[in-house]
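One structure is given below, encoded as structure tokens.
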Amino acid sequence: MLSKPPRSLSADDALLARARALCREDLRFNPVDHACRDGTCFLLLSGVEPSSEADTEDASPPAEAGLKGPFCGFLVRGEDLQSLGFDEDWVEVGVSSTAYALSGPVGARGSMEPMETLSRSRPGYMVFSDTVGAVVDGIRPYPVRSAQSTEAALALAPTAQAYTPAHITWGLAGWKDAEDLAFAWRLARVGGALTLHVEVHDDRVVPPGTGTGVHSDHGDTR
């Protein structure tokens, strides 16, 4: 992981015109960050009207305290602009010199919770979100715990299981009991390493590419 974020660059008029055409039309979006590395760039625009002293066409590095939205953001590779969904009405974006953190109403009773964090130092890559105080929602909450090694983390990691109708989010009509589909999983992170251990049980195993996919004997679990 690169520790020093790239310097914010100016975006040319052609790129800004293409980006603005893809942003929501009720606001004029101005560039606030244009960070590039290894042929991939972030282009971040804000719908907040700039002050009279500011040059609206020159990008300026985001402050650690963050910038104000609404935002419109893109991943830029050559001529390709990929929207990052920053301008969705339900998305909140926290901006710092090293990352863009997206939050949404995905918590209990629609509370805002972190969803993903995009690295500014490595455009095109995600970074781990802050897990302090986080829990995994389910029938019983699974708290996030800390350990000093991979082995210790796996020993501490609780096992989340899915084996009842309460766990099935789609395909319940084709699911009878745990023989149809059940699984258990554990997830652990130590530094930059991520370990996912999953055990799946099913009475009919259909190899990829040979079944009917959506209409096969399965259910999606939460």
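Following the order of the structure tokens, chains are lettered A, B, ..., residues in each are numbered from 1, and ligands are numbered from 1.
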
Residues within 12 Å of A:Ser149, only C-alpha atoms, excluding chain neighbours under 5 positions, as a list in words:
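What passes the distance filter is Leu154, Ala155, Leu156, Ala157, Ala188, Arg189, Val190, Gly191, Gly192, Ala193, Leu194 and Thr195 of chain A.
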
Please build the interface table for stretch 70-186 of chain A against stretch 20-35 of chain A with a cut-off of 12 Å, listing for each qualifying residue the nearest atom pair and the distance in Å to one decimal; count only C-alpha atoms, order rows by chain and increasing number, and write it as JSON lines.
```
{"residue": "A:Pro70", "atom": "CA", "partner": "A:Phe29", "partner_atom": "CA", "distance": 8.8}
{"residue": "A:Phe71", "atom": "CA", "partner": "A:Phe29", "partner_atom": "CA", "distance": 7.7}
{"residue": "A:Cys72", "atom": "CA", "partner": "A:Cys23", "partner_atom": "CA", "distance": 6.0}
{"residue": "A:Gly73", "atom": "CA", "partner": "A:Cys23", "partner_atom": "CA", "distance": 8.5}
{"residue": "A:Phe74", "atom": "CA", "partner": "A:Leu22", "partner_atom": "CA", "distance": 9.6}
{"residue": "A:Leu75", "atom": "CA", "partner": "A:Ala35", "partner_atom": "CA", "distance": 9.8}
{"residue": "A:Val76", "atom": "CA", "partner": "A:His34", "partner_atom": "CA", "distance": 9.7}
{"residue": "A:Arg77", "atom": "CA", "partner": "A:Ala35", "partner_atom": "CA", "distance": 11.9}
{"residue": "A:Leu81", "atom": "CA", "partner": "A:Leu22", "partner_atom": "CA", "distance": 9.3}
{"residue": "A:Gln82", "atom": "CA", "partner": "A:Leu22", "partner_atom": "CA", "distance": 9.8}
{"residue": "A:Ser83", "atom": "CA", "partner": "A:Leu22", "partner_atom": "CA", "distance": 8.1}
{"residue": "A:Leu84", "atom": "CA", "partner": "A:Cys23", "partner_atom": "CA", "distance": 10.8}
{"residue": "A:Gly85", "atom": "CA", "partner": "A:Cys23", "partner_atom": "CA", "distance": 9.8}
{"residue": "A:Phe86", "atom": "CA", "partner": "A:Cys23", "partner_atom": "CA", "distance": 9.5}
{"residue": "A:Asp87", "atom": "CA", "partner": "A:Arg24", "partner_atom": "CA", "distance": 7.2}
{"residue": "A:Glu88", "atom": "CA", "partner": "A:Arg24", "partner_atom": "CA", "distance": 9.2}
{"residue": "A:Asp89", "atom": "CA", "partner": "A:Arg24", "partner_atom": "CA", "distance": 10.3}
{"residue": "A:Val95", "atom": "CA", "partner": "A:Asp33", "partner_atom": "CA", "distance": 9.9}
{"residue": "A:Ser96", "atom": "CA", "partner": "A:Asp33", "partner_atom": "CA", "distance": 10.4}
{"residue": "A:Ser97", "atom": "CA", "partner": "A:Asp33", "partner_atom": "CA", "distance": 9.5}
{"residue": "A:Thr98", "atom": "CA", "partner": "A:Ala35", "partner_atom": "CA", "distance": 10.2}
{"residue": "A:Ala99", "atom": "CA", "partner": "A:Ala35", "partner_atom": "CA", "distance": 10.9}
{"residue": "A:Tyr100", "atom": "CA", "partner": "A:Asp33", "partner_atom": "CA", "distance": 11.0}
{"residue": "A:Ser119", "atom": "CA", "partner": "A:Ala35", "partner_atom": "CA", "distance": 10.5}
{"residue": "A:Arg120", "atom": "CA", "partner": "A:Ala35", "partner_atom": "CA", "distance": 7.0}
{"residue": "A:Ser121", "atom": "CA", "partner": "A:Ala35", "partner_atom": "CA", "distance": 8.1}
{"residue": "A:Arg122", "atom": "CA", "partner": "A:Ala35", "partner_atom": "CA", "distance": 9.2}
{"residue": "A:Pro123", "atom": "CA", "partner": "A:Ala35", "partner_atom": "CA", "distance": 7.6}
{"residue": "A:Gly124", "atom": "CA", "partner": "A:Ala35", "partner_atom": "CA", "distance": 11.1}
```

Residues as selected, N, CA and C atoms, written as a PDB file, in the first residue's frame, can you do that?
```pdb
ATOM      1  N   PRO A  70     -23.151  17.729  -2.319  1.00  0.00           N
ATOM      2  CA  PRO A  70     -23.142  16.441  -3.030  1.00  0.00           C
ATOM      3  C   PRO A  70     -21.985  16.322  -4.010  1.00  0.00           C
ATOM      4  N   PHE A  71     -21.593  15.069  -4.253  1.00  0.00           N
ATOM      5  CA  PHE A  71     -20.468  14.787  -5.130  1.00  0.00           C
ATOM      6  C   PHE A  71     -20.913  14.047  -6.381  1.00  0.00           C
ATOM      7  N   CYS A  72     -20.054  14.114  -7.373  1.00  0.00           N
ATOM      8  CA  CYS A  72     -20.169  13.288  -8.569  1.00  0.00           C
ATOM      9  C   CYS A  72     -18.758  12.775  -8.828  1.00  0.00           C
ATOM     10  N   GLY A  73     -18.560  11.458  -8.860  1.00  0.00           N
ATOM     11  CA  GLY A  73     -17.215  10.911  -8.947  1.00  0.00           C
ATOM     12  C   GLY A  73     -17.074   9.875 -10.042  1.00  0.00           C
ATOM     13  N   PHE A  74     -15.858   9.802 -10.604  1.00  0.00           N
ATOM     14  CA  PHE A  74     -15.590   8.878 -11.697  1.00  0.00           C
ATOM     15  C   PHE A  74     -14.220   8.237 -11.541  1.00  0.00           C
ATOM     16  N   LEU A  75     -14.124   7.006 -12.016  1.00  0.00           N
ATOM     17  CA  LEU A  75     -12.842   6.357 -12.214  1.00  0.00           C
ATOM     18  C   LEU A  75     -12.522   6.517 -13.693  1.00  0.00           C
ATOM     19  N   VAL A  76     -11.357   7.062 -13.993  1.00  0.00           N
ATOM     20  CA  VAL A  76     -11.008   7.389 -15.371  1.00  0.00           C
ATOM     21  C   VAL A  76      -9.848   6.514 -15.821  1.00  0.00           C
ATOM     22  N   ARG A  77     -10.073   5.754 -16.884  1.00  0.00           N
ATOM     23  CA  ARG A  77      -9.017   4.959 -17.524  1.00  0.00           C
ATOM     24  C   ARG A  77      -9.018   5.291 -19.011  1.00  0.00           C
ATOM     25  N   LEU A  81     -14.938   6.573 -18.693  1.00  0.00           N
ATOM     26  CA  LEU A  81     -15.361   7.144 -17.426  1.00  0.00           C
ATOM     27  C   LEU A  81     -16.353   6.191 -16.761  1.00  0.00           C
ATOM     28  N   GLN A  82     -16.021   5.724 -15.585  1.00  0.00           N
ATOM     29  CA  GLN A  82     -16.891   4.822 -14.837  1.00  0.00           C
ATOM     30  C   GLN A  82     -17.436   5.552 -13.617  1.00  0.00           C
ATOM     31  N   SER A  83     -18.762   5.712 -13.568  1.00  0.00           N
ATOM     32  CA  SER A  83     -19.373   6.407 -12.443  1.00  0.00           C
ATOM     33  C   SER A  83     -19.201   5.598 -11.169  1.00  0.00           C
ATOM     34  N   LEU A  84     -18.914   6.294 -10.065  1.00  0.00           N
ATOM     35  CA  LEU A  84     -18.724   5.640  -8.774  1.00  0.00           C
ATOM     36  C   LEU A  84     -19.981   5.698  -7.915  1.00  0.00           C
ATOM     37  N   GLY A  85     -21.084   6.228  -8.441  1.00  0.00           N
ATOM     38  CA  GLY A  85     -22.334   6.260  -7.706  1.00  0.00           C
ATOM     39  C   GLY A  85     -22.366   7.272  -6.585  1.00  0.00           C
ATOM     40  N   PHE A  86     -21.440   8.237  -6.591  1.00  0.00           N
ATOM     41  CA  PHE A  86     -21.388   9.228  -5.525  1.00  0.00           C
ATOM     42  C   PHE A  86     -22.624  10.132  -5.522  1.00  0.00           C
ATOM     43  N   ASP A  87     -23.286  10.260  -6.680  1.00  0.00           N
ATOM     44  CA  ASP A  87     -24.402  11.194  -6.771  1.00  0.00           C
ATOM     45  C   ASP A  87     -25.753  10.563  -6.487  1.00  0.00           C
ATOM     46  N   GLU A  88     -25.772   9.307  -6.019  1.00  0.00           N
ATOM     47  CA  GLU A  88     -27.034   8.699  -5.610  1.00  0.00           C
ATOM     48  C   GLU A  88     -27.568   9.444  -4.390  1.00  0.00           C
ATOM     49  N   ASP A  89     -28.899   9.667  -4.356  1.00  0.00           N
ATOM     50  CA  ASP A  89     -29.491  10.457  -3.285  1.00  0.00           C
ATOM     51  C   ASP A  89     -29.246   9.857  -1.906  1.00  0.00           C
ATOM     52  N   VAL A  95     -14.660  12.443   2.391  1.00  0.00           N
ATOM     53  CA  VAL A  95     -13.478  12.636   1.554  1.00  0.00           C
ATOM     54  C   VAL A  95     -12.301  13.076   2.416  1.00  0.00           C
ATOM     55  N   SER A  96     -11.173  12.406   2.246  1.00  0.00           N
ATOM     56  CA  SER A  96      -9.934  12.834   2.887  1.00  0.00           C
ATOM     57  C   SER A  96      -8.824  12.804   1.845  1.00  0.00           C
ATOM     58  N   SER A  97      -7.602  13.100   2.244  1.00  0.00           N
ATOM     59  CA  SER A  97      -6.489  13.119   1.294  1.00  0.00           C
ATOM     60  C   SER A  97      -6.092  11.710   0.860  1.00  0.00           C
ATOM     61  N   THR A  98      -6.548  10.689   1.557  1.00  0.00           N
ATOM     62  CA  THR A  98      -6.136   9.311   1.241  1.00  0.00           C
ATOM     63  C   THR A  98      -7.261   8.412   0.774  1.00  0.00           C
ATOM     64  N   ALA A  99      -8.529   8.797   0.987  1.00  0.00           N
ATOM     65  CA  ALA A  99      -9.605   7.857   0.682  1.00  0.00           C
ATOM     66  C   ALA A  99     -10.930   8.567   0.475  1.00  0.00           C
ATOM     67  N   TYR A 100     -11.852   7.849  -0.185  1.00  0.00           N
ATOM     68  CA  TYR A 100     -13.244   8.255  -0.314  1.00  0.00           C
ATOM     69  C   TYR A 100     -14.071   7.167   0.365  1.00  0.00           C
ATOM     70  N   SER A 119      -9.580   3.735  -2.227  1.00  0.00           N
ATOM     71  CA  SER A 119      -8.259   4.313  -1.994  1.00  0.00           C
ATOM     72  C   SER A 119      -7.990   5.448  -2.975  1.00  0.00           C
ATOM     73  N   ARG A 120      -7.545   6.582  -2.449  1.00  0.00           N
ATOM     74  CA  ARG A 120      -7.095   7.668  -3.315  1.00  0.00           C
ATOM     75  C   ARG A 120      -5.656   7.449  -3.735  1.00  0.00           C
ATOM     76  N   SER A 121      -4.880   6.749  -2.893  1.00  0.00           N
ATOM     77  CA  SER A 121      -3.484   6.477  -3.219  1.00  0.00           C
ATOM     78  C   SER A 121      -3.349   5.480  -4.363  1.00  0.00           C
ATOM     79  N   ARG A 122      -4.346   4.590  -4.500  1.00  0.00           N
ATOM     80  CA  ARG A 122      -4.333   3.596  -5.579  1.00  0.00           C
ATOM     81  C   ARG A 122      -5.686   3.624  -6.273  1.00  0.00           C
ATOM     82  N   PRO A 123      -5.917   4.580  -7.176  1.00  0.00           N
ATOM     83  CA  PRO A 123      -7.204   4.656  -7.865  1.00  0.00           C
ATOM     84  C   PRO A 123      -7.571   3.316  -8.506  1.00  0.00           C
ATOM     85  N   GLY A 124      -8.812   2.903  -8.288  1.00  0.00           N
ATOM     86  CA  GLY A 124      -9.266   1.621  -8.806  1.00  0.00           C
ATOM     87  C   GLY A 124      -9.266   0.517  -7.778  1.00  0.00           C
TER      88      GLY A 124
END
```

Atomic distance atom CA of A:Phe183 - atom CA of A:Val198, expressed in Å with one decimal
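Here the two named atoms are 7.0 Å from each other.
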
Would you pick out the contacts of stretch 103-116 of chain A at 7 Å or less, using only C-alpha atoms, so that residues sharing its chain but fewer than 5 positions from it are not included, and give the list as a ChimeraX atom specification?
/A:90-93,129

Atomic separation - atom CA of A:Gly94 relative to atom CA of A:Val127, Å
13.8 Å

For A:Glu179, list every protein, DNA or RNA residue within 9 Å, evaluated using only C-alpha atoms, and leave out those in the same chain fewer than 3 positions away; present the list as an MDAnalysis selection string.
chainID A and resid 163 175:176 182 201:204

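Compared by their closest atoms to A:Arg186, and using only C-alpha atoms, the residues A:Asp38, A:Glu151, A:Glu199, A:Asp80 rank with A:Glu199 nearest.
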
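Here atom CA of A:Leu9 stands at a distance of 7.8 Å from atom CA of A:Cys36.
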
Of the residues A:Ala147, A:Leu187, A:Ala178, A:Ala17, which is the one nearest to A:Val200, using only C-alpha atoms?
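Of A:Ala147, A:Leu187, A:Ala178, A:Ala17, the one nearest A:Val200 is A:Ala178, counting only C-alpha atoms.
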